[in-house]
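S.K.: This is the structure I want to talk about, given as structure tokens.
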Amino acid sequence: MIVEDVFPFEGRGTVVTGLRGPDPKLARKGTAIELRAPTDVCFRNSIADMELLRKGRLSKDPPKVLGLLLTSPVPSISLPEEQKYSYMPKYLTSENLIWITAWLFVTFAIPKAWLQRRLLGFFIGLLAIPFLSPSKARAADTLDVELKRIQTEHKLPALAGLMMQDGKIVVQEATGVRKSGSPEAVTINDQWHIGSCTKSMTATLAALFVEQGKIKWETTVSDIFPEWQKEMPDGWRGVTLAQLLTHSSGAPGEPPADLWAQAWKKIGSPTEQRLAFVHGLLTRPQQAPAGSKFIYSNQGYAIAGAMLERISGKPWEILMREMLFGPLDMKSAGFGEPASLGQVDQPWGHTGKNGEWKPIPPGPGADNPPSIGPAGTVHCSLSDLARYAGIHGLGEKDGWGALKPETFAKLHTPPAGQDYAMGWGIAERPWAAGKALTHTGSNTMFFTDVWVAPKKNAVFVSATNVGGDEAAKACDEVIAAMIQHYLK
């Protein structure tokens, strides 16, 4: 079947869509893919129509599926009627009025010859143009209106969005409540679980160790865990760090049921839990031979994280704090659910659908087990997430810290035949003036969406405290609104 993009959606499997992401005008065909059961396949823009596809009944009818793809448009982003014609009034700020007053004074009050006076006024007007800008208050108002509309339409407890360009926050807003049924409102500084947006952070951590010479992209699992070689099936022994980070290692897309059940028991430290989980993975056959196909796998990232723990002698969580969060001043960053036990001091995750949300209290069931931490257990504020994503926006040009531009290029280059690099999906977008980096993340109780436009030096992030299809649609619409209204 022909599609435009294939990308992960935690808790639901692989999402296949013909109009990926916030780009209402883009509708292009892509490449042929194979639908592989039992992967749960759904279409972001026509979820209600995809039940037959998920049951495998449409897999032999490509024309019908293609038709559905190309007739399921991304929801359009539009302002309410009263704001449609507010473009000029938003420029009537106090700063701009100073320039306007000066222009009027020179043009009409200074006693000069008629032509000289108007020419002088004309050139002063030209000088003023670069300084005329929309008020920040009205910019925030626009996003606030959009957020409330999208939140209401999709019946979400809360919704937040932020855009950063040239290292500065252009706009950020949050609306709704931290916990459904409770009055505590979300704020722009609240922390959100970012799910699989963690993956590029783990890949960046690996790149730092590569720069230090402590590991190579070509380092294999048998190099790091030689004591398991006799137990490993032959296919695992030559799997490299790079293959694990690009989902081309053959690691299973779904965790084996017995290992997953054991992971939820959370016996031992996070490092011990990961080691036991990884040992179980590496001592049974892969889902596919390494390098043969793309299989999105949290398990592969768990193995990569365990490799970094082995070479450093430190837990992955400590490595993240010392080598990434600290240098980036990501003070809000942590692991697991954002809220404290018994408190509504941060957003709670929710389960459910169609506006019927069940708040999940902080505690044992509020996030995935630490065994797959390197694949997706970070939480942070949207501003901290944007600050992190920003180093990837400029990375191929300027590098960051010990990471060279060519190292960022490695992180952002997919293997042949796929559009997923190391923790980033890679897409061409007209509004980005070329390549864009993107990823979504969900522990099924939160949803986060990140887009980076390197040539625009711009980052867009959105988040909500539910998972599922409505969350995905809403976050995409928030990103689209920010692109439409604020991107320069």
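Starting from 1 in every chain, residues are counted up; chains themselves are A, B, ... following the order of the structure tokens, and ligands are numbered from 1 as listed.
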Using only C-alpha atoms, what table do you get, as a tab-separated table, when you list each residue of range 167-203 of chain A with an atom no more than 6 Å from range 427-446 of chain A, its nearest pair of atoms, and their distance in Å rounded to one decimal, rows by chain then rising number?

M.R.:
```
residue	atom	partner	partner_atom	distance
A:Ile194	CA	A:Gly441	CA	5.3
A:Gly195	CA	A:Gly441	CA	4.0
A:Ser196	CA	A:Gly441	CA	4.1
A:Cys197	CA	A:Gly441	CA	5.1
```

S.K.: Hey, what's within 9 Å of Asn354 in chain A if we count only C-alpha atoms and toss same-chain stuff fewer than 2 positions away? As a JSON list (two decimals) with N, CA and C atoms, in the first residue's frame, please?

M.R.:
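Below is the file that was written, around.json:
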```json
[["chain", "number", "residue", "atom", "x", "y", "z"],
["A", 154, "HIS", "N", -11.63, 18.84, 21.13],
["A", 154, "HIS", "CA", -11.18, 17.47, 21.36],
["A", 154, "HIS", "C", -11.46, 16.99, 22.79],
["A", 155, "LYS", "N", -12.10, 17.83, 23.59],
["A", 155, "LYS", "CA", -12.53, 17.46, 24.95],
["A", 155, "LYS", "C", -11.36, 16.98, 25.80],
["A", 156, "LEU", "N", -10.31, 17.77, 25.86],
["A", 156, "LEU", "CA", -9.10, 17.42, 26.61],
["A", 156, "LEU", "C", -9.09, 18.11, 27.96],
["A", 352, "GLY", "N", -8.81, 6.90, 29.03],
["A", 352, "GLY", "CA", -10.19, 7.06, 28.61],
["A", 352, "GLY", "C", -10.27, 7.55, 27.18],
["A", 356, "GLU", "N", -14.34, 11.40, 28.30],
["A", 356, "GLU", "CA", -14.54, 10.68, 29.56],
["A", 356, "GLU", "C", -13.17, 10.25, 30.07],
["A", 357, "TRP", "N", -12.55, 11.10, 30.89],
["A", 357, "TRP", "CA", -11.16, 10.87, 31.30],
["A", 357, "TRP", "C", -11.08, 10.43, 32.75],
["A", 470, "GLU", "N", -7.30, 11.56, 19.82],
["A", 470, "GLU", "CA", -7.68, 12.96, 19.97],
["A", 470, "GLU", "C", -6.50, 13.79, 20.43]]
```

S.K.: Mind the document's chain letters and residue numbers, and return as number ranges by chain the residues of range 123-326 of chain A that DSSP labels helix (DSSP H, G or I).

M.R.: A: 123-131, 136-154, 195-212, 221-224, 226-228, 234-237, 241-245, 257-265, 270-282, 298-312, 316-325

S.K.: If we count only C-alpha atoms and set the cut-off at 10 Å, which residues sit around Gln151 in chain A, ignoring sequence neighbours fewer than 5 positions away in its own chain? Please answer as a list of chain:residue names.

M.R.: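 The neighbour list is A:Val145, A:Glu146, A:Leu156, A:Pro157, A:Ala158, A:Leu159, A:Ala160, A:Thr175, A:Gly176, A:Thr464, A:Glu470, A:Ala471, A:Ala474, A:Cys475, A:Val478.
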
S.K.: Mind dumping the selected residues with C-alpha atoms as a JSON list (two decimals), in the first residue's frame?

M.R.:
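To be explicit, this is the file written out as again29.json:
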```json
[["chain", "number", "residue", "atom", "x", "y", "z"],
["A", 145, "VAL", "CA", -7.83, 31.45, 21.70],
["A", 146, "GLU", "CA", -6.53, 28.66, 19.46],
["A", 156, "LEU", "CA", -9.10, 17.42, 26.61],
["A", 157, "PRO", "CA", -8.36, 18.18, 30.27],
["A", 158, "ALA", "CA", -5.46, 20.47, 29.31],
["A", 159, "LEU", "CA", -3.41, 21.58, 26.35],
["A", 160, "ALA", "CA", -0.20, 23.59, 26.00],
["A", 175, "THR", "CA", -5.13, 26.04, 29.13],
["A", 176, "GLY", "CA", -7.23, 23.59, 31.12],
["A", 464, "THR", "CA", -1.66, 17.35, 26.63],
["A", 470, "GLU", "CA", -7.68, 12.96, 19.97],
["A", 471, "ALA", "CA", -4.50, 13.95, 21.77],
["A", 474, "ALA", "CA", -4.99, 18.26, 19.01],
["A", 475, "CYS", "CA", -1.22, 18.54, 19.41],
["A", 478, "VAL", "CA", -1.54, 23.45, 18.02]]
```

S.K.: So which residues touch range 457-460 of chain A within 12 Å, counting only C-alpha atoms, skipping near sequence neighbours fewer than 5 positions away, as a PyMOL selection string?

M.R.: chain A and resi 21-22+160-172+382-398+431-440+448-452+475-484+486-488

S.K.: One number please: CA of Pro226 in chain A to CA of Thr198 in chain A, in Å, one decimal.

M.R.: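 Result for CA of Pro226 in chain A versus CA of Thr198 in chain A: 27.7 Å, one decimal.
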
S.K.: Find the distance between CA of Gly268 in chain A and CA of Gly467 in chain A and write it in Å to one decimal.

M.R.: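 That distance, rounded to one decimal, is 28.8 Å.
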
S.K.: Please provide as JSON, numbers by chain all residues within 12 Å of Asp223 in chain A, with the sequence filter that same-chain residues fewer than 5 positions apart are discarded (counting only C-alpha atoms).

M.R.: {"A": [215, 216, 217, 218, 228, 229, 236, 237, 238, 239, 240, 241, 307, 310, 311]}

S.K.: Rank nothing, just name the residue among A:Pro270, A:Gly235, A:Gly300, A:Pro454 nearest to Gly336 in chain A, using only C-alpha atoms.

M.R.: A:Pro270

S.K.: In Å, rounded to a single decimal, give me how far CA of Gly376 in chain A is from CA of Ala306 in chain A.

M.R.: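 About the pair CA of Ala306 in chain A and CA of Gly376 in chain A: they are 14.0 Å apart.
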
S.K.: Calculated over only C-alpha atoms, which of the candidates A:Pro256, A:His279, A:Thr220, A:Pro359 has the smallest distance to Ala339 in chain A?

M.R.: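 The shortest atom-to-atom distance to Ala339 in chain A comes from A:Pro359.
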